[in-house]
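So this block is query18.pdb, PDB, C-alpha atoms and all ligand atoms:
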```pdb
ATOM      1  CA  MET A   1    -194.950-139.282  28.684
ATOM      2  CA  PRO A   2    -192.385-136.449  28.338
ATOM      3  CA  PRO A   3    -191.501-135.146  24.857
ATOM      4  CA  ALA A   4    -188.621-136.918  23.087
ATOM      5  CA  SER A   5    -186.200-134.069  23.789
ATOM      6  CA  ASP A   6    -186.480-134.771  27.504
ATOM      7  CA  TYR A   7    -184.737-138.077  26.970
ATOM      8  CA  ALA A   8    -180.985-138.231  27.315
ATOM      9  CA  VAL A   9    -180.969-141.839  26.093
ATOM     10  CA  GLU A  10    -183.504-143.797  24.042
ATOM     11  CA  VAL A  11    -182.940-147.488  23.426
ATOM     12  CA  ARG A  12    -185.277-149.423  21.129
ATOM     13  CA  GLY A  13    -185.193-153.173  20.621
ATOM     14  CA  ILE A  14    -181.459-153.724  20.848
ATOM     15  CA  ARG A  15    -180.019-157.212  20.532
ATOM     16  CA  LYS A  16    -176.479-158.423  20.865
ATOM     17  CA  ARG A  17    -174.954-161.879  20.754
ATOM     18  CA  TYR A  18    -171.410-163.110  21.180
ATOM     19  CA  GLY A  19    -171.230-166.239  19.037
ATOM     20  CA  ARG A  20    -173.916-168.476  20.465
ATOM     21  CA  VAL A  21    -174.359-166.454  23.665
ATOM     22  CA  VAL A  22    -177.306-164.079  23.497
ATOM     23  CA  ALA A  23    -176.203-161.256  25.812
ATOM     24  CA  VAL A  24    -179.008-158.784  25.027
ATOM     25  CA  ALA A  25    -182.268-160.183  23.707
ATOM     26  CA  GLY A  26    -184.368-157.128  22.821
ATOM     27  CA  VAL A  27    -184.060-154.244  25.258
ATOM     28  CA  ASP A  28    -186.066-150.989  25.315
ATOM     29  CA  PHE A  29    -185.726-148.161  27.811
ATOM     30  CA  GLU A  30    -185.267-144.450  28.016
ATOM     31  CA  VAL A  31    -183.360-142.227  30.429
ATOM     32  CA  ARG A  32    -184.786-138.800  31.212
ATOM     33  CA  ARG A  33    -182.545-135.794  31.446
ATOM     34  CA  GLY A  34    -181.447-135.003  34.973
ATOM     35  CA  GLU A  35    -182.171-138.394  36.497
ATOM     36  CA  ILE A  36    -180.070-141.254  37.832
ATOM     37  CA  PHE A  37    -181.212-144.334  35.936
ATOM     38  CA  GLY A  38    -180.038-147.825  36.896
ATOM     39  CA  LEU A  39    -179.799-150.964  34.804
ATOM     40  CA  ILE A  40    -179.959-153.593  37.501
ATOM     41  CA  GLY A  41    -179.610-157.347  37.524
ATOM     42  CA  PRO A  42    -177.282-160.215  38.384
ATOM     43  CA  ASN A  43    -173.882-160.905  36.828
ATOM     44  CA  GLY A  44    -174.263-161.940  33.201
ATOM     45  CA  ALA A  45    -177.703-160.317  32.784
ATOM     46  CA  GLY A  46    -176.441-158.150  29.912
ATOM     47  CA  LYS A  47    -176.001-154.817  31.730
ATOM     48  CA  THR A  48    -172.451-154.087  30.575
ATOM     49  CA  THR A  49    -173.188-155.111  26.995
ATOM     50  CA  THR A  50    -176.232-152.832  26.944
ATOM     51  CA  LEU A  51    -174.237-149.960  28.435
ATOM     52  CA  GLU A  52    -171.382-150.458  25.986
ATOM     53  CA  CYS A  53    -173.836-150.323  23.084
ATOM     54  CA  VAL A  54    -175.200-147.034  24.449
ATOM     55  CA  GLU A  55    -171.657-145.694  24.898
ATOM     56  CA  GLY A  56    -170.891-146.555  21.279
ATOM     57  CA  ILE A  57    -168.173-149.046  22.246
ATOM     58  CA  ARG A  58    -170.165-151.958  20.828
ATOM     59  CA  ARG A  59    -172.554-152.056  17.928
ATOM     60  CA  PRO A  60    -175.835-153.875  18.611
ATOM     61  CA  ASP A  61    -176.875-156.562  16.101
ATOM     62  CA  ALA A  62    -180.322-154.977  15.886
ATOM     63  CA  GLY A  63    -182.309-152.065  17.274
ATOM     64  CA  SER A  64    -181.638-148.346  17.581
ATOM     65  CA  ILE A  65    -180.060-146.058  20.167
ATOM     66  CA  ALA A  66    -180.170-142.275  20.512
ATOM     67  CA  VAL A  67    -177.844-140.561  22.981
ATOM     68  CA  LEU A  68    -178.535-136.847  23.441
ATOM     69  CA  GLY A  69    -180.406-137.167  20.146
ATOM     70  CA  LEU A  70    -177.340-138.561  18.336
ATOM     71  CA  ASP A  71    -176.245-141.972  17.095
ATOM     72  CA  PRO A  72    -173.532-143.302  19.427
ATOM     73  CA  HIS A  73    -171.606-144.840  16.519
ATOM     74  CA  ARG A  74    -172.049-142.407  13.672
ATOM     75  CA  ASP A  75    -171.769-139.339  15.909
ATOM     76  CA  ALA A  76    -169.117-140.721  18.250
ATOM     77  CA  ALA A  77    -166.792-137.728  17.838
ATOM     78  CA  ARG A  78    -169.540-135.197  18.597
ATOM     79  CA  LEU A  79    -170.751-137.216  21.541
ATOM     80  CA  GLN A  80    -167.321-137.659  23.060
ATOM     81  CA  ARG A  81    -167.372-134.062  24.254
ATOM     82  CA  ARG A  82    -170.792-134.410  25.848
ATOM     83  CA  ILE A  83    -170.602-137.759  27.618
ATOM     84  CA  GLY A  84    -168.405-139.129  30.408
ATOM     85  CA  VAL A  85    -167.509-142.798  30.635
ATOM     86  CA  GLN A  86    -166.114-144.379  33.770
ATOM     87  CA  LEU A  87    -163.040-146.495  33.145
ATOM     88  CA  GLN A  88    -162.496-150.009  34.341
ATOM     89  CA  GLN A  89    -159.557-150.315  36.741
ATOM     90  CA  ALA A  90    -157.331-152.288  34.361
ATOM     91  CA  GLN A  91    -157.287-149.368  31.968
ATOM     92  CA  LEU A  92    -154.891-147.218  34.014
ATOM     93  CA  GLN A  93    -151.176-147.824  34.404
ATOM     94  CA  LYS A  94    -150.022-148.749  37.882
ATOM     95  CA  ARG A  95    -147.402-146.023  38.063
ATOM     96  CA  ILE A  96    -149.347-143.127  36.661
ATOM     97  CA  LYS A  97    -149.782-140.363  39.241
ATOM     98  CA  VAL A  98    -153.251-139.018  39.979
ATOM     99  CA  ARG A  99    -152.399-135.537  38.685
ATOM    100  CA  GLU A 100    -150.811-137.034  35.557
ATOM    101  CA  ALA A 101    -153.924-139.031  34.776
ATOM    102  CA  VAL A 102    -156.046-135.916  35.179
ATOM    103  CA  ARG A 103    -153.683-133.890  32.945
ATOM    104  CA  LEU A 104    -153.679-136.619  30.314
ATOM    105  CA  TRP A 105    -157.467-136.734  30.233
ATOM    106  CA  SER A 106    -157.740-132.944  30.201
ATOM    107  CA  ALA A 107    -155.569-132.875  27.068
ATOM    108  CA  LEU A 108    -158.199-134.905  25.205
ATOM    109  CA  PHE A 109    -160.785-132.128  25.374
ATOM    110  CA  ASP A 110    -160.993-128.549  24.134
ATOM    111  CA  GLN A 111    -162.582-127.190  27.269
ATOM    112  CA  PRO A 112    -161.749-129.377  30.266
ATOM    113  CA  VAL A 113    -162.819-128.325  33.739
ATOM    114  CA  ASP A 114    -160.221-127.343  36.337
ATOM    115  CA  GLY A 115    -158.599-130.694  37.225
ATOM    116  CA  ASP A 116    -157.369-129.550  40.665
ATOM    117  CA  LEU A 117    -160.822-128.322  41.577
ATOM    118  CA  LEU A 118    -162.327-131.607  40.454
ATOM    119  CA  LEU A 119    -159.827-133.578  42.565
ATOM    120  CA  SER A 120    -160.627-131.514  45.622
ATOM    121  CA  GLN A 121    -164.378-131.884  45.009
ATOM    122  CA  LEU A 122    -163.846-135.640  44.953
ATOM    123  CA  GLY A 123    -161.661-135.597  48.080
ATOM    124  CA  LEU A 124    -158.469-136.528  46.229
ATOM    125  CA  GLU A 125    -156.402-133.358  46.611
ATOM    126  CA  SER A 126    -153.986-135.038  49.027
ATOM    127  CA  LYS A 127    -153.457-137.850  46.517
ATOM    128  CA  ARG A 128    -152.360-135.710  43.572
ATOM    129  CA  GLU A 129    -148.815-137.099  43.717
ATOM    130  CA  ALA A 130    -149.810-140.685  44.532
ATOM    131  CA  TRP A 131    -149.354-143.504  42.074
ATOM    132  CA  PHE A 132    -152.540-145.165  40.886
ATOM    133  CA  LEU A 133    -151.314-148.451  42.349
ATOM    134  CA  HIS A 134    -151.181-146.949  45.850
ATOM    135  CA  LEU A 135    -154.790-145.750  45.890
ATOM    136  CA  SER A 136    -157.454-147.612  47.872
ATOM    137  CA  GLY A 137    -160.412-149.112  46.002
ATOM    138  CA  GLY A 138    -162.615-146.147  46.909
ATOM    139  CA  GLN A 139    -159.945-143.635  45.864
ATOM    140  CA  LYS A 140    -159.520-145.399  42.512
ATOM    141  CA  GLN A 141    -163.237-145.211  41.910
ATOM    142  CA  ARG A 142    -163.255-141.519  42.829
ATOM    143  CA  LEU A 143    -160.434-140.970  40.353
ATOM    144  CA  PHE A 144    -162.462-142.743  37.657
ATOM    145  CA  ILE A 145    -165.381-140.462  38.424
ATOM    146  CA  ALA A 146    -163.041-137.452  38.167
ATOM    147  CA  LEU A 147    -161.801-138.630  34.756
ATOM    148  CA  ALA A 148    -165.366-139.217  33.583
ATOM    149  CA  LEU A 149    -166.241-135.636  34.588
ATOM    150  CA  ILE A 150    -163.183-133.891  33.133
ATOM    151  CA  ASN A 151    -165.102-132.624  30.078
ATOM    152  CA  ASP A 152    -168.067-131.444  32.170
ATOM    153  CA  PRO A 153    -170.352-133.968  30.427
ATOM    154  CA  GLU A 154    -174.136-133.740  30.253
ATOM    155  CA  LEU A 155    -174.459-137.496  30.566
ATOM    156  CA  VAL A 156    -172.292-139.853  32.641
ATOM    157  CA  PHE A 157    -172.078-143.651  32.347
ATOM    158  CA  LEU A 158    -171.019-145.634  35.397
ATOM    159  CA  ASP A 159    -170.591-149.417  35.295
ATOM    160  CA  GLU A 160    -170.670-151.316  38.609
ATOM    161  CA  LEU A 161    -169.101-148.335  40.286
ATOM    162  CA  THR A 162    -168.961-149.581  43.854
ATOM    163  CA  THR A 163    -168.274-153.287  43.389
ATOM    164  CA  GLY A 164    -165.702-154.445  45.903
ATOM    165  CA  LEU A 165    -165.890-151.336  48.076
ATOM    166  CA  ASP A 166    -166.652-151.356  51.783
ATOM    167  CA  PRO A 167    -169.965-149.834  52.906
ATOM    168  CA  GLN A 168    -168.394-146.530  53.966
ATOM    169  CA  ALA A 169    -166.576-145.990  50.655
ATOM    170  CA  ARG A 170    -169.736-147.035  48.841
ATOM    171  CA  ARG A 171    -171.818-144.427  50.635
ATOM    172  CA  ALA A 172    -169.229-141.748  49.818
ATOM    173  CA  ILE A 173    -169.436-142.674  46.127
ATOM    174  CA  TRP A 174    -173.257-142.520  46.242
ATOM    175  CA  GLU A 175    -172.976-138.964  47.579
ATOM    176  CA  LEU A 176    -170.701-138.055  44.673
ATOM    177  CA  VAL A 177    -173.137-139.495  42.156
ATOM    178  CA  ARG A 178    -175.996-137.546  43.754
ATOM    179  CA  GLY A 179    -173.783-134.462  43.436
ATOM    180  CA  ILE A 180    -173.504-135.089  39.677
ATOM    181  CA  ARG A 181    -177.300-135.124  39.435
ATOM    182  CA  ALA A 182    -177.547-132.004  41.603
ATOM    183  CA  ARG A 183    -175.479-130.187  38.961
ATOM    184  CA  GLY A 184    -178.132-130.996  36.388
ATOM    185  CA  LYS A 185    -176.376-133.945  34.744
ATOM    186  CA  THR A 186    -177.883-137.288  33.786
ATOM    187  CA  VAL A 187    -176.435-140.566  35.069
ATOM    188  CA  LEU A 188    -176.908-144.019  33.555
ATOM    189  CA  LEU A 189    -175.386-146.700  35.768
ATOM    190  CA  THR A 190    -175.357-150.454  36.146
ATOM    191  CA  THR A 191    -175.336-152.324  39.419
ATOM    192  CA  HIS A 192    -176.057-155.768  40.760
ATOM    193  CA  LEU A 193    -176.474-154.275  44.250
ATOM    194  CA  MET A 194    -180.165-153.797  44.917
ATOM    195  CA  GLU A 195    -179.541-151.561  47.930
ATOM    196  CA  GLU A 196    -177.419-149.279  45.769
ATOM    197  CA  ALA A 197    -180.146-149.079  43.142
ATOM    198  CA  GLU A 198    -182.790-148.367  45.750
ATOM    199  CA  ARG A 199    -180.837-145.614  47.452
ATOM    200  CA  LEU A 200    -179.375-143.959  44.415
ATOM    201  CA  CYS A 201    -181.594-144.374  41.378
ATOM    202  CA  ASP A 202    -184.641-142.305  40.457
ATOM    203  CA  ARG A 203    -185.729-145.085  38.122
ATOM    204  CA  VAL A 204    -184.478-148.573  37.387
ATOM    205  CA  ALA A 205    -184.893-151.270  34.754
ATOM    206  CA  ILE A 206    -184.485-154.852  35.936
ATOM    207  CA  LEU A 207    -182.495-156.886  33.426
ATOM    208  CA  ASP A 208    -182.510-160.672  33.508
ATOM    209  CA  HIS A 209    -181.171-163.011  30.811
ATOM    210  CA  GLY A 210    -180.784-160.121  28.389
ATOM    211  CA  ARG A 211    -184.328-158.764  28.770
ATOM    212  CA  ILE A 212    -185.918-155.992  30.775
ATOM    213  CA  VAL A 213    -188.489-157.619  32.986
ATOM    214  CA  GLU A 214    -189.665-154.517  34.889
ATOM    215  CA  SER A 215    -188.987-150.807  35.145
ATOM    216  CA  GLY A 216    -190.087-147.846  37.231
ATOM    217  CA  THR A 217    -189.085-146.004  40.382
ATOM    218  CA  PRO A 218    -187.928-148.309  43.192
ATOM    219  CA  ALA A 219    -190.986-147.276  45.234
ATOM    220  CA  GLU A 220    -193.351-148.028  42.333
ATOM    221  CA  LEU A 221    -191.857-151.469  41.845
ATOM    222  CA  VAL A 222    -192.134-152.282  45.541
ATOM    223  CA  ALA A 223    -195.756-151.056  45.628
ATOM    224  CA  ARG A 224    -196.596-153.020  42.443
ATOM    225  CA  HIS A 225    -194.974-156.337  43.294
ATOM    226  CA  CYS A 226    -194.435-156.487  47.048
ATOM    227  CA  PRO A 227    -196.998-154.191  48.668
ATOM    228  CA  GLU A 228    -196.910-156.062  51.962
ATOM    229  CA  ARG A 229    -195.812-154.471  55.160
ATOM    230  CA  THR A 230    -194.932-156.318  58.350
ATOM    231  CA  VAL A 231    -195.481-155.020  61.858
ATOM    232  CA  THR A 232    -193.857-156.861  64.757
ATOM    233  CA  PHE A 233    -194.057-156.112  68.460
ATOM    234  CA  ARG A 234    -193.808-157.825  71.826
ATOM    235  CA  THR A 235    -196.725-157.722  74.201
ATOM    236  CA  ASP A 236    -197.883-159.311  77.475
ATOM    237  CA  PRO A 237    -198.363-163.101  77.573
ATOM    238  CA  GLY A 238    -201.943-164.144  76.849
ATOM    239  CA  VAL A 239    -203.018-160.943  75.135
ATOM    240  CA  ASP A 240    -206.051-161.515  72.909
ATOM    241  CA  PRO A 241    -205.062-160.911  69.251
ATOM    242  CA  SER A 242    -208.643-161.103  67.939
ATOM    243  CA  PRO A 243    -209.179-157.305  67.497
ATOM    244  CA  PHE A 244    -206.490-157.360  64.786
ATOM    245  CA  HIS A 245    -208.458-159.915  62.771
ATOM    246  CA  GLY A 246    -210.995-157.183  62.080
ATOM    247  CA  LEU A 247    -208.491-155.061  60.126
ATOM    248  CA  ALA A 248    -209.455-154.922  56.449
ATOM    249  CA  GLU A 249    -205.817-154.593  55.341
ATOM    250  CA  LEU A 250    -204.634-157.653  57.313
ATOM    251  CA  ILE A 251    -203.383-160.673  55.366
ATOM    252  CA  GLY A 252    -201.613-162.612  58.085
ATOM    253  CA  LEU A 253    -201.202-162.759  61.860
ATOM    254  CA  GLU A 254    -198.793-164.891  63.834
ATOM    255  CA  VAL A 255    -198.530-165.189  67.594
ATOM    256  CA  GLU A 256    -195.313-166.622  68.958
ATOM    257  CA  ALA A 257    -194.907-166.459  72.734
ATOM    258  CA  GLU A 258    -195.068-162.705  73.444
ATOM    259  CA  ARG A 259    -194.405-161.675  69.861
ATOM    260  CA  LEU A 260    -197.128-160.648  67.434
ATOM    261  CA  THR A 261    -196.402-160.386  63.730
ATOM    262  CA  LEU A 262    -198.994-158.785  61.488
ATOM    263  CA  ARG A 263    -198.762-158.652  57.708
ATOM    264  CA  GLY A 264    -200.925-156.351  55.663
ATOM    265  CA  ARG A 265    -201.270-154.360  52.467
ATOM    266  CA  GLY A 266    -201.764-150.738  51.655
ATOM    267  CA  ASP A 267    -200.610-147.363  52.920
ATOM    268  CA  ASP A 268    -203.193-147.362  55.715
ATOM    269  CA  PHE A 269    -202.170-150.670  57.230
ATOM    270  CA  LEU A 270    -199.685-149.204  59.676
ATOM    271  CA  SER A 271    -202.046-146.549  61.042
ATOM    272  CA  ALA A 272    -204.850-149.139  61.271
ATOM    273  CA  VAL A 273    -202.616-151.351  63.448
ATOM    274  CA  ILE A 274    -201.652-148.406  65.659
ATOM    275  CA  ASP A 275    -205.323-147.374  66.028
ATOM    276  CA  CYS A 276    -206.245-150.926  66.984
ATOM    277  CA  ILE A 277    -203.434-151.127  69.560
ATOM    278  CA  SER A 278    -204.568-147.858  71.059
ATOM    279  CA  ALA A 279    -208.326-148.643  71.022
ATOM    280  CA  HIS A 280    -207.793-151.984  72.777
ATOM    281  CA  ARG A 281    -204.983-150.770  75.023
ATOM    282  CA  VAL A 282    -202.684-153.560  73.864
ATOM    283  CA  PRO A 283    -199.340-153.338  75.726
ATOM    284  CA  VAL A 284    -196.514-152.850  73.202
ATOM    285  CA  ARG A 285    -192.742-153.248  73.410
ATOM    286  CA  ASP A 286    -190.109-153.325  70.607
ATOM    287  CA  PHE A 287    -192.488-152.110  67.914
ATOM    288  CA  HIS A 288    -190.995-152.196  64.447
ATOM    289  CA  THR A 289    -192.141-152.341  60.849
ATOM    290  CA  GLU A 290    -190.597-153.665  57.678
ATOM    291  CA  ARG A 291    -191.440-153.203  54.061
ATOM    292  CA  ALA A 292    -190.197-155.039  51.020
ATOM    293  CA  ASN A 293    -187.228-153.753  49.034
ATOM    294  CA  LEU A 294    -185.910-154.107  45.484
ATOM    295  CA  GLU A 295    -184.286-157.410  46.402
ATOM    296  CA  ASP A 296    -187.759-158.796  47.168
ATOM    297  CA  VAL A 297    -189.092-157.269  43.937
ATOM    298  CA  PHE A 298    -186.290-158.938  41.995
ATOM    299  CA  LEU A 299    -187.124-162.303  43.518
ATOM    300  CA  THR A 300    -190.826-161.846  42.766
ATOM    301  CA  VAL A 301    -190.463-160.800  39.133
ATOM    302  CA  THR A 302    -187.638-163.158  38.110
ATOM    303  CA  GLY A 303    -188.313-166.129  40.391
ATOM    304  CA  HIS A 304    -184.697-166.199  41.546
ATOM    305  CA  SER A 305    -182.426-164.198  43.806
ATOM    306  CA  VAL A 306    -180.083-161.605  42.328
ATOM    307  CA  ARG A 307    -177.127-163.635  43.613
ATOM    308  CA  GLU A 308    -178.060-166.844  41.781
TER     309      GLU A 308
HETATM  310  P1  LIG B 401    -171.409-158.533  34.804
HETATM  311  O1  LIG B 401    -171.928-157.669  35.901
HETATM  312  O2  LIG B 401    -170.901-159.861  35.288
HETATM  313  O3  LIG B 401    -170.481-157.846  33.837
HETATM  314  P2  LIG B 401    -173.550-158.067  32.967
HETATM  315  O4  LIG B 401    -174.960-158.053  33.416
HETATM  316  O5  LIG B 401    -172.890-156.769  32.765
HETATM  317  O6  LIG B 401    -172.700-158.960  33.952
HETATM  318  P3  LIG B 401    -172.587-158.797  30.377
HETATM  319  O7  LIG B 401    -171.191-158.538  30.794
HETATM  320  O8  LIG B 401    -173.221-157.871  29.425
HETATM  321  O9  LIG B 401    -173.538-158.921  31.648
HETATM  322  O10 LIG B 401    -172.660-160.279  29.829
HETATM  323  C1  LIG B 401    -173.843-160.845  29.272
HETATM  324  C2  LIG B 401    -173.501-162.224  28.715
HETATM  325  O11 LIG B 401    -172.621-162.093  27.598
HETATM  326  C3  LIG B 401    -172.795-163.138  29.685
HETATM  327  O12 LIG B 401    -173.240-164.451  29.442
HETATM  328  C4  LIG B 401    -171.335-162.999  29.323
HETATM  329  O13 LIG B 401    -170.628-164.164  29.655
HETATM  330  C5  LIG B 401    -171.398-162.782  27.832
HETATM  331  N1  LIG B 401    -170.301-161.928  27.338
HETATM  332  C6  LIG B 401    -170.035-160.661  27.729
HETATM  333  N2  LIG B 401    -168.985-160.139  27.046
HETATM  334  C7  LIG B 401    -168.586-161.119  26.180
HETATM  335  C8  LIG B 401    -167.569-161.208  25.169
HETATM  336  N3  LIG B 401    -166.766-160.177  24.924
HETATM  337  N4  LIG B 401    -167.463-162.373  24.497
HETATM  338  C9  LIG B 401    -168.286-163.400  24.720
HETATM  339  N5  LIG B 401    -169.271-163.390  25.657
HETATM  340  C10 LIG B 401    -169.439-162.265  26.363
END
```
Could you quickly redo this structure as structure tokens?
Ligand code: ATP
Amino acid sequence: MPPASDYAVEVRGIRKRYGRVVAVAGVDFEVRRGEIFGLIGPNGAGKTTTLECVEGIRRPDAGSIAVLGLDPHRDAARLQRRIGVQLQQAQLQKRIKVREAVRLWSALFDQPVDGDLLLSQLGLESKREAWFLHLSGGQKQRLFIALALINDPELVFLDELTTGLDPQARRAIWELVRGIRARGKTVLLTTHLMEEAERLCDRVAILDHGRIVESGTPAELVARHCPERTVTFRTDPGVDPSPFHGLAELIGLEVEAERLTLRGRGDDFLSAVIDCISAHRVPVRDFHTERANLEDVFLTVTGHSVRE
């Protein structure tokens, strides 16, 4: 385990309820410096509440939080210079121009970065004079990232950053977030999109009903909970599938007309199948393999789909 100073965020046993609704029911996690960490889970899981407690916007009912070694409530003023918080859309006026928003935000900090440079890095230079209301969803999100980065923060918080964006805009935003990490910053984000978490996050914590039910790198979680791999290919009619039954890693084999589907475990399963095909000269067409993803992990560890 890395020394405490390597953590940008440490959360211990936080709880938060709104009246009778328990939003966060005892959450522990830590974010290492320089990584992209994702709090993932379905709507209502408690991601935003947890993030807002870490940002110092809400006070947890119990538990402790350290952000860059400081208390997000007590040391809010000191932290403000060192963290960046993405805004929700409703928080900007419709008729504020992009350059005005950037100037306004720059005025809040002693040493803001060059706003024009930031806009061009985020692909918004041609929109400097545009009203907020005329920006596309992806452009709005890029502007929110720009505003979150105006003070050159060490740690950036992003809440459901790509919700509602089309796949192309989403991918562009992922690139921007990777760029933040490449500059040595730490990112703590929330998402209910498992593909986003898998592609973007170094480590994730799965939140469900206010609790963390699993955490680790996406690859670790897949290997731990859904280690199966599927190989499918078409072959000649009547081919004898029996050689595949001898594979130690095999856990299932289905023959359907000319299609063979083999399921197995372990890193060696794929090469074992290929060796077997080659040794027995099995004719192969349309060979493809599939492995589980975070969506499957979510289903396995929570017993329900992330969309339920
Ligand atoms: P979403 O992605 O939909 O925002 P989330 O995982 O971020 O979901 P939270 O927004 O933290 O979850 O909500 C957790 C629970 O707390 C939900 O049941 C929600 O309805 C409730 N909740 C959140 N904010 C409030 C509030 N201000 N007052 C009362 N209940 C709230």
Is it possible to get the residues within 12 Å of (-170.3, -144.4, 47.9) (coordinates as in the file, counting all atoms listed in the file) written as a ChimeraX atom specification? /A:122,137-139,141-142,145,160-179,195-197,199-200
Selection result for the PyMOL selection byres (((chain A and resi 261-276) around 6) and not hetatm) on this file, as an MDAnalysis selection string: chainID A and resid 227:232 249:254 260 277:279
Adding 5 Å on each side of the box along x, y and z that holds all listed atoms of ligand LIG 401 (chain B), could you give its centre and edge lengths in Å to one decimal, as lines of an AutoDock Vina configuration file?
```
center_x = -170.9
center_y = -160.6
center_z = 30.2
size_x = 18.2
size_y = 17.7
size_z = 21.4
```
Region 107-182 of chain A near region 35-40 of chain A within 10 Å: what's each residue's closest atom pair and its distance in Å to one decimal, counting all atoms listed in the file, ordered by chain then ascending residue number, as JSON lines?
```
{"residue": "A:Leu155", "atom": "CA", "partner": "A:Glu35", "partner_atom": "CA", "distance": 9.8}
{"residue": "A:Val156", "atom": "CA", "partner": "A:Ile36", "partner_atom": "CA", "distance": 9.5}
{"residue": "A:Phe157", "atom": "CA", "partner": "A:Phe37", "partner_atom": "CA", "distance": 9.8}
{"residue": "A:Leu158", "atom": "CA", "partner": "A:Gly38", "partner_atom": "CA", "distance": 9.4}
{"residue": "A:Asp159", "atom": "CA", "partner": "A:Leu39", "partner_atom": "CA", "distance": 9.3}
{"residue": "A:Glu160", "atom": "CA", "partner": "A:Ile40", "partner_atom": "CA", "distance": 9.6}
{"residue": "A:Val177", "atom": "CA", "partner": "A:Ile36", "partner_atom": "CA", "distance": 8.4}
{"residue": "A:Arg178", "atom": "CA", "partner": "A:Ile36", "partner_atom": "CA", "distance": 8.1}
{"residue": "A:Ile180", "atom": "CA", "partner": "A:Ile36", "partner_atom": "CA", "distance": 9.2}
{"residue": "A:Arg181", "atom": "CA", "partner": "A:Glu35", "partner_atom": "CA", "distance": 6.6}
{"residue": "A:Ala182", "atom": "CA", "partner": "A:Glu35", "partner_atom": "CA", "distance": 9.4}
```
How would you report the residues lying within 9 Å of ligand LIG 401 (chain B), as a PyMOL selection string, if you count only C-alpha atoms and all ligand atoms? chain A and resi 16-24+39-52+159-160+190-192+207-210
File dump, residues just selected, C-alpha atoms, as a PDB file, in the frame of the given file:
```
ATOM      1  CA  LYS A  16    -176.479-158.423  20.865  1.00  0.00           C
ATOM      2  CA  ARG A  17    -174.954-161.879  20.754  1.00  0.00           C
ATOM      3  CA  TYR A  18    -171.410-163.110  21.180  1.00  0.00           C
ATOM      4  CA  GLY A  19    -171.230-166.239  19.037  1.00  0.00           C
ATOM      5  CA  ARG A  20    -173.916-168.476  20.465  1.00  0.00           C
ATOM      6  CA  VAL A  21    -174.359-166.454  23.665  1.00  0.00           C
ATOM      7  CA  VAL A  22    -177.306-164.079  23.497  1.00  0.00           C
ATOM      8  CA  ALA A  23    -176.203-161.256  25.812  1.00  0.00           C
ATOM      9  CA  VAL A  24    -179.008-158.784  25.027  1.00  0.00           C
ATOM     10  CA  LEU A  39    -179.799-150.964  34.804  1.00  0.00           C
ATOM     11  CA  ILE A  40    -179.959-153.593  37.501  1.00  0.00           C
ATOM     12  CA  GLY A  41    -179.610-157.347  37.524  1.00  0.00           C
ATOM     13  CA  PRO A  42    -177.282-160.215  38.384  1.00  0.00           C
ATOM     14  CA  ASN A  43    -173.882-160.905  36.828  1.00  0.00           C
ATOM     15  CA  GLY A  44    -174.263-161.940  33.201  1.00  0.00           C
ATOM     16  CA  ALA A  45    -177.703-160.317  32.784  1.00  0.00           C
ATOM     17  CA  GLY A  46    -176.441-158.150  29.912  1.00  0.00           C
ATOM     18  CA  LYS A  47    -176.001-154.817  31.730  1.00  0.00           C
ATOM     19  CA  THR A  48    -172.451-154.087  30.575  1.00  0.00           C
ATOM     20  CA  THR A  49    -173.188-155.111  26.995  1.00  0.00           C
ATOM     21  CA  THR A  50    -176.232-152.832  26.944  1.00  0.00           C
ATOM     22  CA  LEU A  51    -174.237-149.960  28.435  1.00  0.00           C
ATOM     23  CA  GLU A  52    -171.382-150.458  25.986  1.00  0.00           C
ATOM     24  CA  ASP A 159    -170.591-149.417  35.295  1.00  0.00           C
ATOM     25  CA  GLU A 160    -170.670-151.316  38.609  1.00  0.00           C
ATOM     26  CA  THR A 190    -175.357-150.454  36.146  1.00  0.00           C
ATOM     27  CA  THR A 191    -175.336-152.324  39.419  1.00  0.00           C
ATOM     28  CA  HIS A 192    -176.057-155.768  40.760  1.00  0.00           C
ATOM     29  CA  LEU A 207    -182.495-156.886  33.426  1.00  0.00           C
ATOM     30  CA  ASP A 208    -182.510-160.672  33.508  1.00  0.00           C
ATOM     31  CA  HIS A 209    -181.171-163.011  30.811  1.00  0.00           C
ATOM     32  CA  GLY A 210    -180.784-160.121  28.389  1.00  0.00           C
TER      33      GLY A 210
END
```
Give me, as an mmCIF file with C-alpha atoms, in the coordinates of the input, all polymer residues having an atom no more than 8 Å from Val67 (chain A), counting all atoms listed in the file and skipping those fewer than 2 positions away in the same chain.
```
data_model
loop_
_atom_site.group_PDB
_atom_site.id
_atom_site.type_symbol
_atom_site.label_atom_id
_atom_site.label_comp_id
_atom_site.auth_asym_id
_atom_site.auth_seq_id
_atom_site.Cartn_x
_atom_site.Cartn_y
_atom_site.Cartn_z
ATOM 1 C CA ALA A 8 -180.985 -138.231 27.315
ATOM 2 C CA VAL A 9 -180.969 -141.839 26.093
ATOM 3 C CA GLU A 10 -183.504 -143.797 24.042
ATOM 4 C CA VAL A 54 -175.200 -147.034 24.449
ATOM 5 C CA ILE A 65 -180.060 -146.058 20.167
ATOM 6 C CA GLY A 69 -180.406 -137.167 20.146
ATOM 7 C CA LEU A 70 -177.340 -138.561 18.336
ATOM 8 C CA ASP A 71 -176.245 -141.972 17.095
ATOM 9 C CA PRO A 72 -173.532 -143.302 19.427
ATOM 10 C CA LEU A 79 -170.751 -137.216 21.541
#
```
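Across the model, the gap from CA of Val27 (chain A) to CA of Asp296 (chain A) is 22.7 Å.
The list of residues within 12 Å of (-155.4, -146.4, 34.3), counted using only C-alpha atoms, is Gln86, Leu87, Gln88, Gln89, Ala90, Gln91, Leu92, Gln93, Lys94, Arg95, Ile96, Lys97, Val98, Glu100, Ala101, Val102, Leu104, Trp105, Trp131, Phe132, Leu133, Leu135, Lys140, Gln141, Leu143, Phe144 and Leu147 of chain A.
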